[in-house]
file target27.cif (mmCIF, C-alpha atoms)
data_structure
#
loop_
_atom_site.group_PDB
_atom_site.id
_atom_site.type_symbol
_atom_site.label_atom_id
_atom_site.label_comp_id
_atom_site.auth_asym_id
_atom_site.auth_seq_id
_atom_site.Cartn_x
_atom_site.Cartn_y
_atom_site.Cartn_z
ATOM 1 C CA MET A 70 60.352 26.666 -45.459
ATOM 2 C CA ARG A 71 58.855 28.531 -42.593
ATOM 3 C CA VAL A 72 56.754 26.537 -40.153
ATOM 4 C CA LYS A 73 53.361 28.056 -39.717
ATOM 5 C CA LYS A 74 52.631 29.361 -36.270
ATOM 6 C CA THR A 75 50.240 27.101 -34.367
ATOM 7 C CA LYS A 76 46.910 28.781 -34.041
ATOM 8 C CA MET A 77 45.934 29.107 -30.387
ATOM 9 C CA LEU A 78 42.331 28.258 -29.510
ATOM 10 C CA GLU A 79 40.748 30.771 -27.227
ATOM 11 C CA ALA A 80 39.421 29.342 -23.978
ATOM 12 C CA VAL A 81 35.779 30.281 -23.455
ATOM 13 C CA ILE A 82 33.271 29.109 -20.913
ATOM 14 C CA PRO A 83 29.857 28.899 -22.543
ATOM 15 C CA THR A 84 27.532 31.229 -20.650
ATOM 16 C CA ALA A 85 24.476 31.055 -22.847
ATOM 17 C CA SER A 86 22.711 28.554 -20.581
ATOM 18 C CA MET A 87 23.654 30.370 -17.364
ATOM 19 C CA ALA A 88 20.311 32.145 -17.118
ATOM 20 C CA ASP A 89 18.444 28.869 -17.684
ATOM 21 C CA ILE A 90 20.330 27.203 -14.873
ATOM 22 C CA ALA A 91 19.715 30.195 -12.624
ATOM 23 C CA PHE A 92 15.972 30.163 -13.296
ATOM 24 C CA LEU A 93 15.812 26.427 -12.692
ATOM 25 C CA LEU A 94 17.389 26.979 -9.284
ATOM 26 C CA ILE A 95 15.010 29.846 -8.544
ATOM 27 C CA VAL A 96 11.999 27.691 -9.294
ATOM 28 C CA PHE A 97 13.370 24.888 -7.120
ATOM 29 C CA PHE A 98 13.986 27.151 -4.126
ATOM 30 C CA MET A 99 10.670 28.964 -4.576
ATOM 31 C CA ILE A 100 8.770 25.698 -4.453
ATOM 32 C CA SER A 101 10.703 24.270 -1.524
ATOM 33 C CA THR A 102 10.632 27.443 0.566
ATOM 34 C CA VAL A 103 8.460 27.289 3.644
ATOM 35 C CA PHE A 104 8.223 30.317 5.835
ATOM 36 C CA GLN A 105 8.360 28.682 9.212
ATOM 37 C CA VAL A 106 7.034 30.296 12.347
ATOM 38 C CA ASP A 107 9.493 28.395 14.471
ATOM 39 C CA LYS A 108 13.101 27.606 13.731
ATOM 40 C CA THR A 109 14.166 26.260 17.118
ATOM 41 C CA PRO A 110 16.460 23.300 16.627
ATOM 42 C CA VAL A 111 15.198 20.276 18.549
ATOM 43 C CA LYS A 112 15.866 16.582 18.200
ATOM 44 C CA LEU A 113 12.435 15.286 17.313
ATOM 45 C CA PRO A 114 11.322 11.789 18.240
ATOM 46 C CA ALA A 115 11.032 9.353 15.342
ATOM 47 C CA SER A 116 7.826 7.796 14.133
ATOM 48 C CA ASP A 117 6.773 5.502 11.323
ATOM 49 C CA LYS A 118 6.087 7.181 8.004
ATOM 50 C CA ASP A 119 2.566 5.723 7.794
ATOM 51 C CA ASN A 120 1.509 7.651 10.882
ATOM 52 C CA ARG A 121 2.641 11.037 9.879
ATOM 53 C CA ILE A 122 0.117 13.605 8.771
ATOM 54 C CA ASP A 123 0.951 16.997 7.289
ATOM 55 C CA VAL A 124 0.803 19.870 9.696
ATOM 56 C CA VAL A 125 -1.999 22.186 8.607
ATOM 57 C CA LYS A 126 -0.986 25.716 7.661
ATOM 58 C CA ASP A 127 -1.457 28.280 10.449
ATOM 59 C CA SER A 128 -1.322 25.641 13.184
ATOM 60 C CA ALA A 129 -0.268 26.976 16.548
ATOM 61 C CA PHE A 130 3.087 25.739 17.839
ATOM 62 C CA VAL A 131 4.274 24.879 21.317
ATOM 63 C CA VAL A 132 8.005 24.168 21.368
ATOM 64 C CA ILE A 133 9.588 22.391 24.323
ATOM 65 C CA ARG A 134 13.348 22.169 24.423
ATOM 66 C CA GLU A 135 15.514 19.835 26.429
ATOM 67 C CA ASP A 136 16.635 22.714 28.659
ATOM 68 C CA ARG A 137 12.991 23.191 29.723
ATOM 69 C CA THR A 138 12.420 26.404 27.786
ATOM 70 C CA ILE A 139 9.034 26.805 26.147
ATOM 71 C CA LYS A 140 8.186 28.795 23.046
ATOM 72 C CA VAL A 141 4.765 29.412 21.554
ATOM 73 C CA SER A 142 3.533 30.737 18.241
ATOM 74 C CA ASP A 143 0.005 31.299 17.017
ATOM 75 C CA GLY A 144 1.011 30.078 13.564
ATOM 76 C CA ILE A 145 1.333 33.550 12.074
ATOM 77 C CA GLU A 146 3.931 35.325 14.168
ATOM 78 C CA GLU A 147 7.399 34.060 15.036
ATOM 79 C CA SER A 148 7.603 31.893 18.133
ATOM 80 C CA ALA A 149 8.507 33.616 21.384
ATOM 81 C CA LEU A 150 9.702 32.439 24.768
ATOM 82 C CA VAL A 151 7.029 32.117 27.448
ATOM 83 C CA ASN A 152 6.620 30.782 30.955
ATOM 84 C CA LEU A 153 4.791 27.517 31.513
ATOM 85 C CA GLU A 154 1.923 29.362 33.221
ATOM 86 C CA ASP A 155 1.342 31.552 30.157
ATOM 87 C CA VAL A 156 0.847 28.620 27.781
ATOM 88 C CA GLY A 157 -2.764 28.328 28.917
ATOM 89 C CA VAL A 158 -3.407 32.034 28.357
ATOM 90 C CA HIS A 159 -2.059 31.861 24.823
ATOM 91 C CA ALA A 160 -3.989 28.667 24.098
ATOM 92 C CA SER A 161 -7.226 30.218 25.345
ATOM 93 C CA SER A 162 -6.828 33.166 23.005
ATOM 94 C CA TRP A 163 -6.230 30.818 20.056
ATOM 95 C CA MET A 164 -9.327 28.829 20.944
ATOM 96 C CA GLN A 165 -11.434 31.984 21.152
ATOM 97 C CA LYS A 166 -10.578 32.867 17.577
ATOM 98 C CA ASN A 167 -10.888 29.332 16.243
ATOM 99 C CA PRO A 168 -12.045 26.512 18.531
ATOM 100 C CA ASN A 169 -10.746 23.869 16.130
ATOM 101 C CA LYS A 170 -7.304 25.366 15.641
ATOM 102 C CA PRO A 171 -4.696 22.592 15.464
ATOM 103 C CA VAL A 172 -1.916 22.822 18.000
ATOM 104 C CA VAL A 173 1.441 21.241 17.249
ATOM 105 C CA ILE A 174 3.695 20.006 20.034
ATOM 106 C CA LYS A 175 7.304 20.268 18.935
ATOM 107 C CA ALA A 176 9.214 18.743 21.800
ATOM 108 C CA ASP A 177 12.714 17.356 22.090
ATOM 109 C CA ALA A 178 12.820 13.558 22.365
ATOM 110 C CA ALA A 179 15.006 13.892 25.453
ATOM 111 C CA ALA A 180 12.683 16.388 27.120
ATOM 112 C CA ASN A 181 11.224 15.528 30.469
ATOM 113 C CA TYR A 182 7.703 14.174 30.106
ATOM 114 C CA GLY A 183 6.595 16.068 33.212
ATOM 115 C CA LEU A 184 6.938 19.348 31.392
ATOM 116 C CA VAL A 185 5.107 17.997 28.331
ATOM 117 C CA ASP A 186 2.409 16.768 30.701
ATOM 118 C CA ASP A 187 2.088 20.237 32.240
ATOM 119 C CA VAL A 188 1.782 21.787 28.784
ATOM 120 C CA LEU A 189 -0.846 19.209 27.776
ATOM 121 C CA GLU A 190 -2.767 20.002 30.954
ATOM 122 C CA HIS A 191 -2.792 23.716 30.114
ATOM 123 C CA LEU A 192 -3.907 22.988 26.550
ATOM 124 C CA ARG A 193 -6.615 20.629 27.770
ATOM 125 C CA ASN A 194 -7.931 23.274 30.161
ATOM 126 C CA ALA A 195 -7.913 25.848 27.375
ATOM 127 C CA GLY A 196 -10.150 23.533 25.350
ATOM 128 C CA VAL A 197 -7.652 22.374 22.725
ATOM 129 C CA THR A 198 -8.793 19.172 21.045
ATOM 130 C CA ASN A 199 -6.865 18.966 17.808
ATOM 131 C CA LEU A 200 -3.325 18.068 18.783
ATOM 132 C CA LYS A 201 -0.286 16.936 16.822
ATOM 133 C CA PHE A 202 3.036 15.581 18.020
ATOM 134 C CA LEU A 203 5.689 16.677 15.565
ATOM 135 C CA THR A 204 7.975 13.783 14.642
ATOM 136 C CA GLU A 205 10.752 12.899 12.309
ATOM 137 C CA GLN A 206 10.529 10.133 9.792
ATOM 138 C CA GLY A 207 12.111 6.882 10.821
ATOM 139 C CA THR A 208 11.326 3.604 12.401
ATOM 140 C CA THR A 209 11.339 3.389 16.145
ATOM 141 C CA GLN A 210 14.081 0.799 16.123
ATOM 142 C CA MET B 214 15.530 65.130 -51.663
ATOM 143 C CA LYS B 215 14.418 62.052 -49.872
ATOM 144 C CA ILE B 216 14.992 61.996 -46.123
ATOM 145 C CA GLU B 217 15.747 58.586 -44.738
ATOM 146 C CA ILE B 218 14.507 57.927 -41.203
ATOM 147 C CA LYS B 219 16.632 55.438 -39.411
ATOM 148 C CA LYS B 220 14.469 52.971 -37.488
ATOM 149 C CA GLU B 221 15.712 51.866 -34.121
ATOM 150 C CA ASP B 222 15.222 48.271 -33.164
ATOM 151 C CA ALA B 223 13.060 47.695 -30.105
ATOM 152 C CA GLU B 224 15.031 45.635 -27.617
ATOM 153 C CA ILE B 225 14.673 44.598 -24.036
ATOM 154 C CA PRO B 226 18.002 44.764 -22.243
ATOM 155 C CA THR B 227 18.827 41.290 -21.038
ATOM 156 C CA ALA B 228 22.351 41.824 -19.788
ATOM 157 C CA SER B 229 21.247 42.100 -16.139
ATOM 158 C CA MET B 230 18.903 39.114 -16.313
ATOM 159 C CA ALA B 231 21.444 36.720 -14.828
ATOM 160 C CA ASP B 232 22.183 39.169 -11.995
ATOM 161 C CA ILE B 233 18.507 39.388 -11.087
ATOM 162 C CA ALA B 234 18.202 35.638 -11.288
ATOM 163 C CA PHE B 235 21.164 35.068 -8.986
ATOM 164 C CA LEU B 236 19.855 37.627 -6.514
ATOM 165 C CA LEU B 237 16.599 35.692 -6.346
ATOM 166 C CA ILE B 238 18.467 32.409 -5.954
ATOM 167 C CA VAL B 239 20.423 33.766 -3.015
ATOM 168 C CA PHE B 240 17.226 35.080 -1.412
ATOM 169 C CA PHE B 241 15.386 31.764 -1.694
ATOM 170 C CA MET B 242 18.435 29.773 -0.634
ATOM 171 C CA LEU B 243 18.698 31.792 2.562
ATOM 172 C CA THR B 244 15.015 31.637 3.401
ATOM 173 C CA THR B 245 14.520 27.943 2.647
ATOM 174 C CA VAL B 246 14.095 25.692 5.646
ATOM 175 C CA PHE B 247 13.869 21.997 5.056
ATOM 176 C CA SER B 248 11.942 21.169 8.126
ATOM 177 C CA ALA B 249 9.886 18.440 9.630
ATOM 178 C CA ASN B 250 6.326 19.496 9.087
ATOM 179 C CA ARG B 251 4.569 16.220 9.651
ATOM 180 C CA GLY B 252 3.503 14.605 12.857
ATOM 181 C CA MET B 253 1.187 12.260 14.674
ATOM 182 C CA GLU B 254 -2.333 13.366 15.346
ATOM 183 C CA HIS B 255 -3.955 12.932 18.704
ATOM 184 C CA VAL B 256 -7.404 14.097 19.689
ATOM 185 C CA LEU B 257 -7.832 15.339 23.227
ATOM 186 C CA PRO B 258 -11.238 14.769 24.784
ATOM 187 C CA PRO B 259 -13.447 17.820 25.360
ATOM 188 C CA LYS B 260 -12.981 19.356 28.770
ATOM 189 C CA ASP B 261 -16.339 18.330 30.265
ATOM 190 C CA GLU B 262 -15.928 14.627 29.550
ATOM 191 C CA THR B 263 -13.243 14.020 32.129
ATOM 192 C CA ASN B 264 -15.670 12.507 34.606
ATOM 193 C CA ASP B 265 -16.120 9.166 32.945
ATOM 194 C CA ALA B 266 -12.510 8.096 33.456
ATOM 195 C CA ILE B 267 -11.658 4.597 32.358
ATOM 196 C CA GLU B 268 -10.850 1.995 34.943
ATOM 197 C CA PRO B 269 -7.359 0.610 34.423
ATOM 198 C CA ASP B 270 -8.467 -2.975 34.932
ATOM 199 C CA GLU B 271 -10.841 -2.907 31.965
ATOM 200 C CA ALA B 272 -8.295 -1.279 29.663
ATOM 201 C CA ILE B 273 -4.896 -2.048 28.256
ATOM 202 C CA TYR B 274 -2.749 -0.186 30.730
ATOM 203 C CA ILE B 275 0.689 0.938 29.556
ATOM 204 C CA HIS B 276 2.873 2.621 32.142
ATOM 205 C CA ILE B 277 6.174 4.175 31.037
ATOM 206 C CA PHE B 278 8.966 4.549 33.591
ATOM 207 C CA PRO B 279 11.918 6.973 33.719
ATOM 208 C CA SER B 280 14.382 4.082 33.374
ATOM 209 C CA GLY B 281 13.330 3.500 29.782
ATOM 210 C CA GLN B 282 11.219 0.523 30.751
ATOM 211 C CA PHE B 283 7.513 0.187 30.412
ATOM 212 C CA GLU B 284 4.849 -2.049 31.819
ATOM 213 C CA MET B 285 1.953 -3.342 29.775
ATOM 214 C CA ASP B 286 -0.779 -5.067 31.751
ATOM 215 C CA LYS B 287 1.686 -5.913 34.529
ATOM 216 C CA THR B 288 4.381 -7.342 32.221
ATOM 217 C CA SER B 289 7.653 -5.437 32.036
ATOM 218 C CA TYR B 290 9.470 -4.595 28.830
ATOM 219 C CA THR B 291 12.342 -2.335 27.887
ATOM 220 C CA ILE B 292 11.804 0.432 25.364
ATOM 221 C CA ASP B 293 13.765 -1.595 22.747
ATOM 222 C CA GLN B 294 10.917 -4.090 22.778
ATOM 223 C CA VAL B 295 8.441 -1.400 21.793
ATOM 224 C CA GLU B 296 7.168 -3.553 18.918
ATOM 225 C CA GLN B 297 5.617 -5.838 21.511
ATOM 226 C CA VAL B 298 3.040 -3.098 22.038
ATOM 227 C CA TYR B 299 1.872 -3.513 18.467
ATOM 228 C CA SER B 300 1.416 -7.272 18.632
ATOM 229 C CA TYR B 301 -0.075 -7.317 22.131
ATOM 230 C CA VAL B 302 -2.583 -4.545 21.497
ATOM 231 C CA ASN B 303 -3.380 -5.987 18.082
ATOM 232 C CA GLN B 304 -4.281 -9.286 19.675
ATOM 233 C CA LYS B 305 -6.507 -7.552 22.235
ATOM 234 C CA VAL B 306 -8.350 -5.218 19.878
ATOM 235 C CA GLN B 307 -9.121 -8.037 17.468
ATOM 236 C CA VAL B 308 -11.444 -9.319 20.195
ATOM 237 C CA ASN B 309 -12.767 -5.933 21.263
ATOM 238 C CA ALA B 310 -12.013 -2.995 18.998
ATOM 239 C CA LYS B 311 -13.386 -0.542 21.537
ATOM 240 C CA LYS B 312 -10.997 -1.605 24.260
ATOM 241 C CA PRO B 313 -9.504 1.521 25.846
ATOM 242 C CA ILE B 314 -5.755 1.910 25.821
ATOM 243 C CA ILE B 315 -4.209 4.055 28.532
ATOM 244 C CA VAL B 316 -0.743 5.469 27.927
ATOM 245 C CA HIS B 317 0.370 6.622 31.334
ATOM 246 C CA THR B 318 3.818 8.194 31.302
ATOM 247 C CA ASN B 319 5.743 8.859 34.461
ATOM 248 C CA ARG B 320 6.611 12.533 34.868
ATOM 249 C CA GLU B 321 10.324 11.767 35.022
ATOM 250 C CA ALA B 322 10.269 9.650 31.866
ATOM 251 C CA GLN B 323 11.467 10.837 28.482
ATOM 252 C CA TYR B 324 9.040 12.307 25.996
ATOM 253 C CA GLY B 325 10.700 10.268 23.219
ATOM 254 C CA ASP B 326 9.739 6.977 24.905
ATOM 255 C CA MET B 327 6.110 8.042 25.095
ATOM 256 C CA VAL B 328 6.096 8.984 21.413
ATOM 257 C CA ALA B 329 7.686 5.625 20.533
ATOM 258 C CA ILE B 330 4.788 3.795 22.184
ATOM 259 C CA LEU B 331 2.192 6.144 20.752
ATOM 260 C CA ASP B 332 3.786 5.527 17.355
ATOM 261 C CA GLN B 333 3.126 1.779 17.631
ATOM 262 C CA LEU B 334 -0.496 2.384 18.602
ATOM 263 C CA LYS B 335 -1.058 4.862 15.789
ATOM 264 C CA LEU B 336 0.570 2.446 13.356
ATOM 265 C CA LEU B 337 -1.842 -0.268 14.420
ATOM 266 C CA GLN B 338 -4.670 2.218 13.969
ATOM 267 C CA VAL B 339 -3.529 2.907 10.404
ATOM 268 C CA HIS B 340 -3.204 -0.800 9.593
ATOM 269 C CA MET B 341 -6.591 -1.626 11.097
ATOM 270 C CA LYS B 342 -8.196 1.403 9.403
ATOM 271 C CA GLN B 343 -10.048 1.997 12.623
ATOM 272 C CA GLU B 344 -9.872 4.478 15.455
ATOM 273 C CA LEU B 345 -8.587 3.077 18.723
ATOM 274 C CA ALA B 346 -9.538 4.502 22.090
ATOM 275 C CA ILE B 347 -6.106 5.836 23.045
ATOM 276 C CA THR B 348 -6.084 7.901 26.210
ATOM 277 C CA ILE B 349 -3.312 10.081 27.550
ATOM 278 C CA PRO B 350 -4.524 10.586 31.118
ATOM 279 C CA SER B 351 -4.754 14.039 32.622
ATOM 280 C CA LYS B 352 -2.911 14.686 35.884
ATOM 281 C CA GLU B 353 -5.986 13.872 37.912
ATOM 282 C CA GLU B 354 -6.545 10.561 36.144
ATOM 283 C CA ALA B 355 -2.864 9.735 36.277
ATOM 284 C CA LYS B 356 -2.938 10.086 40.034
ATOM 285 C CA ARG B 357 -5.773 7.610 40.292
ATOM 286 C CA TYR B 358 -3.894 5.113 38.145
ATOM 287 C CA GLU B 359 -0.849 5.498 40.338
ATOM 288 C CA ASP B 360 -2.941 4.674 43.403
ATOM 289 C CA PHE B 361 -4.419 1.713 41.585
ATOM 290 C CA ASN B 362 -1.017 0.112 41.184
#

call {"tool": "encode", "arguments": {"input": "target27.cif", "output": "structure tokens"}}
result
Amino acid sequence: MRVKKTKMLEAVIPTASMADIAFLLIVFFMISTVFQVDKTPVKLPASDKDNRIDVVKDSAFVVIREDRTIKVSDGIEESALVNLEDVGVHASSWMQKNPNKPVVIKADAAANYGLVDDVLEHLRNAGVTNLKFLTEQGTTQ
Amino acid sequence: MKIEIKKEDAEIPTASMADIAFLLIVFFMLTTVFSANRGMEHVLPPKDETNDAIEPDEAIYIHIFPSGQFEMDKTSYTIDQVEQVYSYVNQKVQVNAKKPIIVHTNREAQYGDMVAILDQLKLLQVHMKQELAITIPSKEEAKRYEDFN
């Protein structure tokens, strides 16, 4: 008697649900995408989660890095490098358009406070009142 | 003779659907930034109100030094003991909720230390459900406080 040849099963990866998975990922990334005006990497200081308030859309940004470079953005355009003296000029123009415009300070935790103080002074003179210190979630300990 | 018209099925081509989907995935993956977009709020006083500066002796005076130490009403602490700020200020504002709090940071100190202290004060504010009179002195005021000590 002849032994029947074993029937080989064809290996197939099911691809029917591929599109579903792809669309799920699209939706996830669409929802989580934020077009940020500033992408400078800084090590933010930590603060308690109860204190933290969402940054309002179109807030102006002042970025202070540890190496003493300063970047500003009006909340619409990408942030650009500026001199300390020009911070006040930029802030004044923001305040002219919208006197209540929130300004976000994004400074490195290791930055020198003197420079932050200078920036605050310029903002104060420009008439900025609504200020936010950008922080990272965490306890201070 | 009867002529038979062959009807064509209406169909939307779906073969490239997955390609389009993956293109969109790649686009959103590249543009996504998971960033910190929350922070602590602080209201700066209007420019013309700088004249009525607070006297340090009638306020809770916190002075932050470059060494990572800070002084609160003449008592020294290190920045690790930052929680002391919460309990001390809490005790004071229970008596007088309007008591001004001055956060005077030395120019050579680290910004992170100042935020750590501000964090404690803001936390107390949240827990008390009440605004506290937190002041970050301007350069002019800071100079006066330095002379005071």

call {"tool": "atom_distance", "arguments": {"input": "target27.cif", "atom1": "atom CA of Gln304 of chain B", "atom2": "atom CA of Gln333 of chain B"}}
result
13.5 Å

call {"tool": "atom_distance", "arguments": {"input": "target27.cif", "atom1": "atom CA of Ser86 of chain A", "atom2": "atom CA of Ile233 of chain B"}}
result
15.0 Å

call {"tool": "residues_around", "arguments": {"input": "target27.cif", "residues": "Glu190 of chain A", "least_positions_apart": "5", "cutoff": "9 Å", "atoms": "only C-alpha atoms", "output": "list in words"}}
result
Gly157, Val185 and Ala195 of chain A; Ser351 and Lys352 of chain B

call {"tool": "atom_distance", "arguments": {"input": "target27.cif", "atom1": "atom CA of Val239 of chain B", "atom2": "atom CA of Ile225 of chain B"}}
result
24.3 Å

call {"tool": "closest_residue", "arguments": {"input": "target27.cif", "among": "A:Met99, A:Ala80, A:Met87, A:Val188", "to": "Phe241 of chain B", "atoms": "only C-alpha atoms"}}
result
A:Met99

call {"tool": "resolve_selection", "arguments": {"input": "target27.cif", "expression": "the PyMOL selection byres ((chain A) within 6 of (chain B))", "output": "ChimeraX atom specification"}}
result
/A:88,91,95,98,102,114,116,120-124,178-183,198-204

call {"tool": "residues_around", "arguments": {"input": "target27.cif", "residues": "segment 160-168 of chain A", "least_positions_apart": "3", "cutoff": "8 Å", "atoms": "all atoms listed in the file", "output": "PyMOL selection string"}}
result
chain A and resi 129+143+156-157+191-192+195-197

call {"tool": "residues_near_point", "arguments": {"input": "target27.cif", "point": "(11.5, 26.8, 21.0)", "cutoff": "12 Å", "atoms": "all atoms listed in the file", "output": "PyMOL selection string"}}
result
chain A and resi 106-112+130-142+147-152+174-177

call {"tool": "resolve_selection", "arguments": {"input": "target27.cif", "expression": "the PyMOL selection byres ((chain B and resi 313) around 10)", "output": "VMD selection string"}}
result
chain B and resid 267 to 269 271 to 274 306 309 to 312 314 to 316 345 to 348
